$ cat final20.csv   # CSV, C-alpha atoms
chain,number,residue,atom,x,y,z
A,14,MET,CA,94.9,119.7,93.0
A,15,PRO,CA,98.7,119.6,92.6
A,16,ASP,CA,100.1,116.5,90.9
A,17,ARG,CA,101.1,114.2,93.7
A,18,PHE,CA,102.9,111.8,91.4
A,19,ALA,CA,106.6,112.0,90.8
A,20,ASP,CA,107.4,112.4,87.1
A,21,THR,CA,110.3,109.9,87.1
A,22,PRO,CA,112.2,108.8,84.0
A,23,GLN,CA,112.5,105.3,82.7
A,24,PRO,CA,114.3,103.0,85.3
A,25,PRO,CA,116.9,102.4,86.5
A,26,TYR,CA,117.0,105.0,89.3
A,27,VAL,CA,117.1,104.9,93.1
A,28,ALA,CA,114.3,105.2,95.6
A,29,ALA,CA,114.6,106.0,99.3
A,30,ILE,CA,111.6,104.6,101.1
A,31,PHE,CA,111.1,106.5,104.3
A,32,THR,CA,108.3,105.4,106.7
A,33,SER,CA,107.9,107.1,110.0
A,34,GLN,CA,105.6,107.6,113.0
A,35,LEU,CA,105.4,111.1,114.3
A,36,ARG,CA,105.0,111.7,118.0
A,37,ASP,CA,103.0,114.9,117.3
A,38,ARG,CA,102.0,115.8,113.7
A,39,THR,CA,101.0,119.3,114.7
A,40,ASP,CA,104.5,120.2,116.0
A,41,GLY,CA,105.1,123.6,114.4
A,42,GLU,CA,108.9,123.2,114.2
A,43,TYR,CA,108.5,119.8,112.5
A,44,GLN,CA,106.1,121.3,110.0
A,45,ALA,CA,108.3,124.2,109.2
A,46,THR,CA,111.4,122.0,108.8
A,47,ALA,CA,109.5,119.6,106.5
A,48,SER,CA,108.4,122.5,104.3
A,49,ALA,CA,111.9,123.9,104.1
A,50,LEU,CA,113.3,120.5,103.1
A,51,VAL,CA,110.7,120.0,100.5
A,52,ARG,CA,111.9,123.3,98.9
A,53,ARG,CA,115.6,122.4,99.4
A,54,ILE,CA,115.4,118.9,97.9
A,55,GLN,CA,114.2,120.3,94.6
A,56,GLU,CA,117.7,121.8,94.2
A,57,ALA,CA,119.6,118.6,95.1
A,58,PRO,CA,121.7,117.2,92.2
A,59,GLY,CA,120.1,114.1,90.8
A,60,PHE,CA,116.8,114.6,92.5
A,61,LEU,CA,114.0,113.2,90.4
A,62,GLY,CA,110.9,113.8,92.5
A,63,PHE,CA,109.1,112.4,95.6
A,64,GLU,CA,105.7,111.1,96.6
A,65,ALA,CA,104.3,111.4,100.2
A,66,ALA,CA,101.2,110.6,102.2
A,67,SER,CA,100.5,111.0,105.9
A,68,ASP,CA,97.4,109.8,107.7
A,69,PRO,CA,95.7,111.3,110.8
A,70,THR,CA,97.6,108.9,113.1
A,71,GLY,CA,100.9,110.6,112.2
A,72,PHE,CA,102.1,107.6,110.1
A,73,GLU,CA,104.0,109.1,107.2
A,74,MET,CA,105.4,107.6,104.0
A,75,VAL,CA,107.8,109.5,101.7
A,76,VAL,CA,109.5,107.9,98.7
A,77,ALA,CA,112.2,110.1,97.2
A,78,TYR,CA,113.6,109.3,93.8
A,79,PHE,CA,117.2,110.0,92.8
A,80,ALA,CA,119.2,109.4,89.7
A,81,ASP,CA,121.8,107.2,91.5
A,82,GLU,CA,123.2,106.2,94.9
A,83,SER,CA,125.8,109.0,94.9
A,84,SER,CA,123.2,111.7,94.5
A,85,LEU,CA,121.0,110.2,97.2
A,86,SER,CA,124.1,109.9,99.4
A,87,ALA,CA,124.9,113.6,98.9
A,88,TRP,CA,121.3,114.5,99.9
A,89,LYS,CA,121.6,112.3,103.0
A,90,ASN,CA,124.7,114.3,103.9
A,91,ASP,CA,123.2,117.8,103.1
A,92,GLU,CA,123.8,120.1,106.0
A,93,LYS,CA,120.2,121.2,106.6
A,94,HIS,CA,119.0,117.6,106.1
A,95,VAL,CA,121.5,116.2,108.6
A,96,ALA,CA,120.2,118.7,111.2
A,97,ALA,CA,116.6,117.7,110.5
A,98,GLN,CA,117.6,114.0,110.8
A,99,ARG,CA,119.0,114.7,114.2
A,100,ASN,CA,115.8,116.4,115.4
A,101,GLY,CA,113.8,113.6,113.8
A,102,LYS,CA,115.6,111.0,115.7
A,103,GLU,CA,115.7,112.9,119.0
A,104,ARG,CA,112.3,114.6,119.1
A,105,TRP,CA,109.9,114.1,116.2
A,106,TYR,CA,109.7,110.4,115.5
A,107,SER,CA,108.8,107.5,117.8
A,108,HIS,CA,110.2,105.3,115.0
A,109,TYR,CA,111.3,105.4,111.4
A,110,ARG,CA,112.7,103.1,108.7
A,111,VAL,CA,114.7,103.9,105.6
A,112,ARG,CA,115.1,101.5,102.8
A,113,VAL,CA,117.3,102.3,99.8
A,114,ALA,CA,116.2,100.5,96.7
A,115,ARG,CA,117.0,100.3,93.0
A,116,VAL,CA,113.9,100.8,90.8
A,117,GLU,CA,114.1,98.2,88.0
A,118,HIS,CA,110.8,98.7,86.2
A,119,SER,CA,107.6,100.7,86.4
A,120,TYR,CA,104.2,101.1,84.9
A,121,SER,CA,101.2,103.3,85.4
A,122,GLY,CA,97.5,103.6,84.6
A,123,PRO,CA,94.9,104.9,83.7
A,124,GLY,CA,95.5,108.2,82.0
A,125,GLY,CA,98.5,109.0,79.9
A,126,ARG,CA,100.5,111.5,82.0
B,10,MET,CA,98.0,101.2,118.0
B,11,PRO,CA,98.9,98.4,115.6
B,12,ASP,CA,102.4,98.3,114.3
B,13,ARG,CA,102.4,100.1,111.0
B,14,PHE,CA,106.0,99.1,110.1
B,15,ALA,CA,106.8,96.0,108.1
B,16,ASP,CA,109.2,93.7,110.0
B,17,THR,CA,111.3,92.9,106.9
B,18,PRO,CA,114.6,90.9,107.1
B,19,GLN,CA,118.0,92.0,106.1
B,20,PRO,CA,118.2,93.1,102.4
B,21,PRO,CA,118.2,92.1,99.6
B,22,TYR,CA,114.4,91.8,99.0
B,23,VAL,CA,111.9,93.3,96.6
B,24,ALA,CA,109.6,96.3,97.1
B,25,ALA,CA,106.5,97.1,95.0
B,26,ILE,CA,105.9,100.9,95.4
B,27,PHE,CA,102.2,101.6,94.6
B,28,THR,CA,101.0,105.2,94.6
B,29,SER,CA,97.5,106.0,93.6
B,30,GLN,CA,94.8,108.6,93.5
B,31,LEU,CA,91.3,107.3,94.4
B,32,ARG,CA,88.3,108.9,92.7
B,33,ASP,CA,86.2,108.3,95.8
B,34,ARG,CA,87.8,107.0,98.9
B,35,THR,CA,84.5,106.3,100.6
B,36,ASP,CA,83.5,103.8,97.9
B,37,GLY,CA,82.2,100.8,99.8
B,38,GLU,CA,83.2,98.2,97.2
B,39,TYR,CA,86.7,99.6,97.1
B,40,GLN,CA,87.0,99.5,100.9
B,41,ALA,CA,85.8,95.9,101.0
B,42,THR,CA,88.1,94.7,98.3
B,43,ALA,CA,91.1,96.5,99.9
B,44,SER,CA,90.3,94.8,103.2
B,45,ALA,CA,90.0,91.4,101.5
B,46,LEU,CA,93.3,91.8,99.7
B,47,VAL,CA,95.1,92.8,102.9
B,48,ARG,CA,94.0,89.5,104.4
B,49,ARG,CA,94.8,87.6,101.3
B,50,ILE,CA,98.3,89.0,100.8
B,51,GLN,CA,99.3,87.6,104.2
B,52,GLU,CA,99.1,84.1,102.7
B,53,ALA,CA,101.1,84.9,99.6
B,54,PRO,CA,104.3,82.9,99.3
B,55,GLY,CA,107.3,85.2,99.8
B,56,PHE,CA,105.3,88.0,101.3
B,57,LEU,CA,107.3,89.9,103.9
B,58,GLY,CA,105.0,92.7,104.9
B,59,PHE,CA,103.6,96.0,103.7
B,60,GLU,CA,103.3,99.7,104.8
B,61,ALA,CA,100.5,102.0,103.8
B,62,ALA,CA,99.3,105.5,104.3
B,63,SER,CA,96.4,107.4,102.7
B,64,ASP,CA,95.6,111.0,103.2
B,65,PRO,CA,92.1,112.7,103.1
B,66,THR,CA,92.5,113.7,99.5
B,67,GLY,CA,92.5,110.0,98.5
B,68,PHE,CA,96.2,109.9,97.6
B,69,GLU,CA,97.4,106.5,98.8
B,70,MET,CA,100.8,104.9,99.1
B,71,VAL,CA,101.4,101.2,99.6
B,72,VAL,CA,104.8,99.5,99.7
B,73,ALA,CA,104.6,95.7,99.7
B,74,TYR,CA,107.7,93.7,100.4
B,75,PHE,CA,108.4,90.3,98.9
B,76,ALA,CA,111.3,87.9,99.1
B,77,ASP,CA,112.1,88.1,95.4
B,78,GLU,CA,110.7,89.0,92.0
B,79,SER,CA,109.1,85.7,91.4
B,80,SER,CA,107.0,85.8,94.6
B,81,LEU,CA,105.9,89.4,93.7
B,82,SER,CA,105.1,88.3,90.2
B,83,ALA,CA,102.9,85.4,91.6
B,84,TRP,CA,101.0,88.0,93.8
B,85,LYS,CA,100.5,90.3,90.8
B,86,ASN,CA,98.9,87.3,89.0
B,87,ASP,CA,96.8,86.1,91.9
B,88,GLU,CA,93.2,85.6,90.7
B,89,LYS,CA,91.5,87.9,93.2
B,90,HIS,CA,94.2,90.5,92.9
B,91,VAL,CA,93.9,90.6,89.1
B,92,ALA,CA,90.1,91.2,89.5
B,93,ALA,CA,90.9,94.1,91.9
B,94,GLN,CA,93.5,95.5,89.5
B,95,ARG,CA,90.8,95.6,86.7
B,96,ASN,CA,88.3,97.4,89.0
B,97,GLY,CA,91.1,99.8,90.1
B,98,LYS,CA,92.0,100.7,86.5
B,99,GLU,CA,88.4,101.0,85.3
B,100,ARG,CA,86.6,102.5,88.3
B,101,TRP,CA,88.5,103.3,91.5
B,102,TYR,CA,91.7,105.2,90.5
B,103,SER,CA,92.1,108.3,88.5
B,104,HIS,CA,95.8,107.4,88.2
B,105,TYR,CA,98.3,105.1,89.7
B,106,ARG,CA,102.0,104.1,89.4
B,107,VAL,CA,103.8,100.9,90.3
B,108,ARG,CA,107.5,100.8,90.7
B,109,VAL,CA,109.3,97.5,91.3
B,110,ALA,CA,112.6,97.9,93.2
B,111,ARG,CA,115.3,95.8,94.8
B,112,VAL,CA,116.0,96.9,98.4
B,113,GLU,CA,119.7,97.0,98.9
B,114,HIS,CA,120.1,98.4,102.4
B,115,SER,CA,118.0,99.6,105.3
B,116,TYR,CA,118.3,101.2,108.7
B,117,SER,CA,115.9,102.4,111.4
B,118,GLY,CA,115.7,104.5,114.5
B,119,PRO,CA,114.9,105.4,117.2
B,120,GLY,CA,113.9,102.4,119.3
B,121,GLY,CA,115.1,98.9,118.8
B,122,ARG,CA,112.3,97.0,117.2
$ encode --input "final20.csv" --output "structure tokens"
Amino acid sequence: MPDRFADTPQPPYVAAIFTSQLRDRTDGEYQATASALVRRIQEAPGFLGFEAASDPTGFEMVVAYFADESSLSAWKNDEKHVAAQRNGKERWYSHYRVRVARVEHSYSGPGGR
Amino acid sequence: MPDRFADTPQPPYVAAIFTSQLRDRTDGEYQATASALVRRIQEAPGFLGFEAASDPTGFEMVVAYFADESSLSAWKNDEKHVAAQRNGKERWYSHYRVRVARVEHSYSGPGGR
């Protein structure tokens, strides 16, 4: 099983909390775009990792971690990401929310990874 | 379908980002405890709402929103919640991470709710 946890550094850093309701989670173009963006975000300056879960109703949660607000802002304005946002708004999502937050402390358990 | 989105006020407020990997998502005691805590958190002072998704692998994400750090801290120290945290650490989770963050701005789309 791949590690689903983002290996973030000590805070502070920034989290973009994205919650969304898909109209149709089996939409092939949505799936292909999501996969392409997962590859693309790895190259984004300041990207620290992300965590994601989606349940069978099409409710999705993604939290993406960035070093600071400016690197998150650059990713928000990335050309391919902007195109995906437009499709998301117009076609894929019945609703979504984005919350930008500053992570101030963190802890984990059990296991030492 | 129940509304899965937390109806949070304008920022600032606090988010506790909880990501976890369950050992066995069908564990009845875990399920009962999670349901009881979902009811109990509604009564917690300063609680603003939560969003949650879990996928078939048992990877779960919960983001709970509170008015401020002190109300989040009180919930962290709630007696029933502390007992659940102990069981989570010892029995239910193979790993989890908690990140406490200050939400600084938010936006949503499409639809006006």
$ calpha_fit_and_write --input "final20.csv" --fixed "chain A" --moving "chain B" --output "short mmCIF file (atom, residue, chain, number, x, y, z; two decimals) with C-alpha atoms, keeping the file's coordinate frame"
data_model
loop_
_atom_site.label_atom_id
_atom_site.label_comp_id
_atom_site.auth_asym_id
_atom_site.auth_seq_id
_atom_site.Cartn_x
_atom_site.Cartn_y
_atom_site.Cartn_z
CA MET B 10 94.88 119.71 92.97
CA PRO B 11 98.66 119.58 92.61
CA ASP B 12 100.13 116.56 90.98
CA ARG B 13 101.07 114.17 93.73
CA PHE B 14 102.93 111.74 91.42
CA ALA B 15 106.64 112.01 90.76
CA ASP B 16 107.37 112.35 87.02
CA THR B 17 110.36 109.96 87.13
CA PRO B 18 112.16 108.76 83.92
CA GLN B 19 112.56 105.28 82.69
CA PRO B 20 114.30 102.96 85.25
CA PRO B 21 116.91 102.32 86.51
CA TYR B 22 116.96 104.97 89.32
CA VAL B 23 117.13 104.93 93.09
CA ALA B 24 114.29 105.16 95.62
CA ALA B 25 114.67 106.06 99.32
CA ILE B 26 111.57 104.59 101.09
CA PHE B 27 111.05 106.53 104.38
CA THR B 28 108.27 105.42 106.72
CA SER B 29 107.85 107.08 110.02
CA GLN B 30 105.64 107.56 113.01
CA LEU B 31 105.44 111.18 114.29
CA ARG B 32 104.99 111.75 118.02
CA ASP B 33 103.01 114.91 117.32
CA ARG B 34 102.09 115.78 113.82
CA THR B 35 100.95 119.26 114.74
CA ASP B 36 104.43 120.21 115.98
CA GLY B 37 105.12 123.60 114.44
CA GLU B 38 108.90 123.19 114.22
CA TYR B 39 108.48 119.86 112.51
CA GLN B 40 106.03 121.31 109.98
CA ALA B 41 108.38 124.19 109.20
CA THR B 42 111.41 122.05 108.76
CA ALA B 43 109.48 119.58 106.53
CA SER B 44 108.35 122.48 104.37
CA ALA B 45 111.91 123.84 104.15
CA LEU B 46 113.33 120.48 103.17
CA VAL B 47 110.72 119.99 100.45
CA ARG B 48 111.92 123.23 98.89
CA ARG B 49 115.51 122.38 99.41
CA ILE B 50 115.36 118.88 97.94
CA GLN B 51 114.22 120.36 94.62
CA GLU B 52 117.73 121.79 94.17
CA ALA B 53 119.54 118.59 95.03
CA PRO B 54 121.67 117.25 92.19
CA GLY B 55 120.12 114.04 90.84
CA PHE B 56 116.79 114.59 92.48
CA LEU B 57 113.96 113.21 90.36
CA GLY B 58 110.92 113.76 92.51
CA PHE B 59 109.14 112.45 95.58
CA GLU B 60 105.68 111.11 96.69
CA ALA B 61 104.28 111.44 100.16
CA ALA B 62 101.24 110.60 102.15
CA SER B 63 100.52 110.97 105.89
CA ASP B 64 97.47 109.79 107.65
CA PRO B 65 95.78 111.34 110.80
CA THR B 66 97.56 108.98 113.12
CA GLY B 67 100.90 110.58 112.16
CA PHE B 68 102.14 107.58 110.15
CA GLU B 69 103.96 109.09 107.17
CA MET B 70 105.42 107.64 104.01
CA VAL B 71 107.84 109.45 101.74
CA VAL B 72 109.50 107.97 98.66
CA ALA B 73 112.21 110.20 97.18
CA TYR B 74 113.64 109.35 93.81
CA PHE B 75 117.22 110.07 92.80
CA ALA B 76 119.25 109.38 89.70
CA ASP B 77 121.72 107.13 91.47
CA GLU B 78 123.17 106.20 94.84
CA SER B 79 125.71 108.91 94.89
CA SER B 80 123.16 111.72 94.43
CA LEU B 81 121.01 110.16 97.24
CA SER B 82 124.05 109.86 99.42
CA ALA B 83 124.87 113.63 98.84
CA TRP B 84 121.22 114.51 99.90
CA LYS B 85 121.51 112.33 103.02
CA ASN B 86 124.66 114.37 103.91
CA ASP B 87 123.24 117.77 103.08
CA GLU B 88 123.88 120.13 106.02
CA LYS B 89 120.27 121.15 106.65
CA HIS B 90 119.01 117.66 106.10
CA VAL B 91 121.46 116.20 108.64
CA ALA B 92 120.19 118.79 111.22
CA ALA B 93 116.59 117.64 110.46
CA GLN B 94 117.60 113.98 110.74
CA ARG B 95 119.01 114.68 114.30
CA ASN B 96 115.79 116.48 115.37
CA GLY B 97 113.73 113.61 113.83
CA LYS B 98 115.65 110.94 115.77
CA GLU B 99 115.71 112.86 119.06
CA ARG B 100 112.33 114.61 119.10
CA TRP B 101 109.87 114.16 116.23
CA TYR B 102 109.66 110.39 115.48
CA SER B 103 108.83 107.55 117.72
CA HIS B 104 110.24 105.25 115.02
CA TYR B 105 111.26 105.34 111.45
CA ARG B 106 112.73 103.10 108.70
CA VAL B 107 114.70 103.93 105.58
CA ARG B 108 115.06 101.49 102.80
CA VAL B 109 117.30 102.26 99.82
CA ALA B 110 116.22 100.46 96.61
CA ARG B 111 117.06 100.35 92.93
CA VAL B 112 113.93 100.77 90.76
CA GLU B 113 114.07 98.26 88.00
CA HIS B 114 110.76 98.69 86.21
CA SER B 115 107.62 100.78 86.40
CA TYR B 116 104.21 101.13 84.83
CA SER B 117 101.16 103.35 85.33
CA GLY B 118 97.52 103.66 84.50
CA PRO B 119 94.92 104.88 83.79
CA GLY B 120 95.51 108.14 81.93
CA GLY B 121 98.55 108.98 79.94
CA ARG B 122 100.59 111.36 81.99
#
$ atom_distance --input "final20.csv" --atom1 "atom CA of B:Glu60" --atom2 "atom CA of B:His114"
17.0 Å
$ interface_residues --input "final20.csv" --of "chain B" --to "chain A" --cutoff "10 Å" --atoms "only C-alpha atoms" --output "NGL selection string"
:B and (10 or 12-15 or 20-30 or 60-72 or 97-100 or 102-122)
$ closest_residue --input "final20.csv" --among "B:Ala93, B:Ala41, B:Ala73, B:Leu31" --to "B:Gly58" --atoms "only C-alpha atoms"
B:Ala73
$ atom_distance --input "final20.csv" --atom1 "atom CA of B:Phe59" --atom2 "atom CA of A:Thr46"
27.6 Å
$ atom_distance --input "final20.csv" --atom1 "atom CA of A:Leu61" --atom2 "atom CA of A:Gln44"
22.6 Å
$ residues_around --input "final20.csv" --residues "A:Ser84" --least-positions-apart "2" --cutoff "8 Å" --atoms "only C-alpha atoms" --output "list in words"
Ala57, Pro58, Gly59, Phe60, Phe79, Ala80, Asp81, Glu82, Ser86, Ala87 and Trp88 of chain A
$ closest_residue --input "final20.csv" --among "A:Arg99, A:Trp105, A:Gln23, A:Lys89" --to "A:Asp37" --atoms "all atoms listed in the file"
A:Trp105
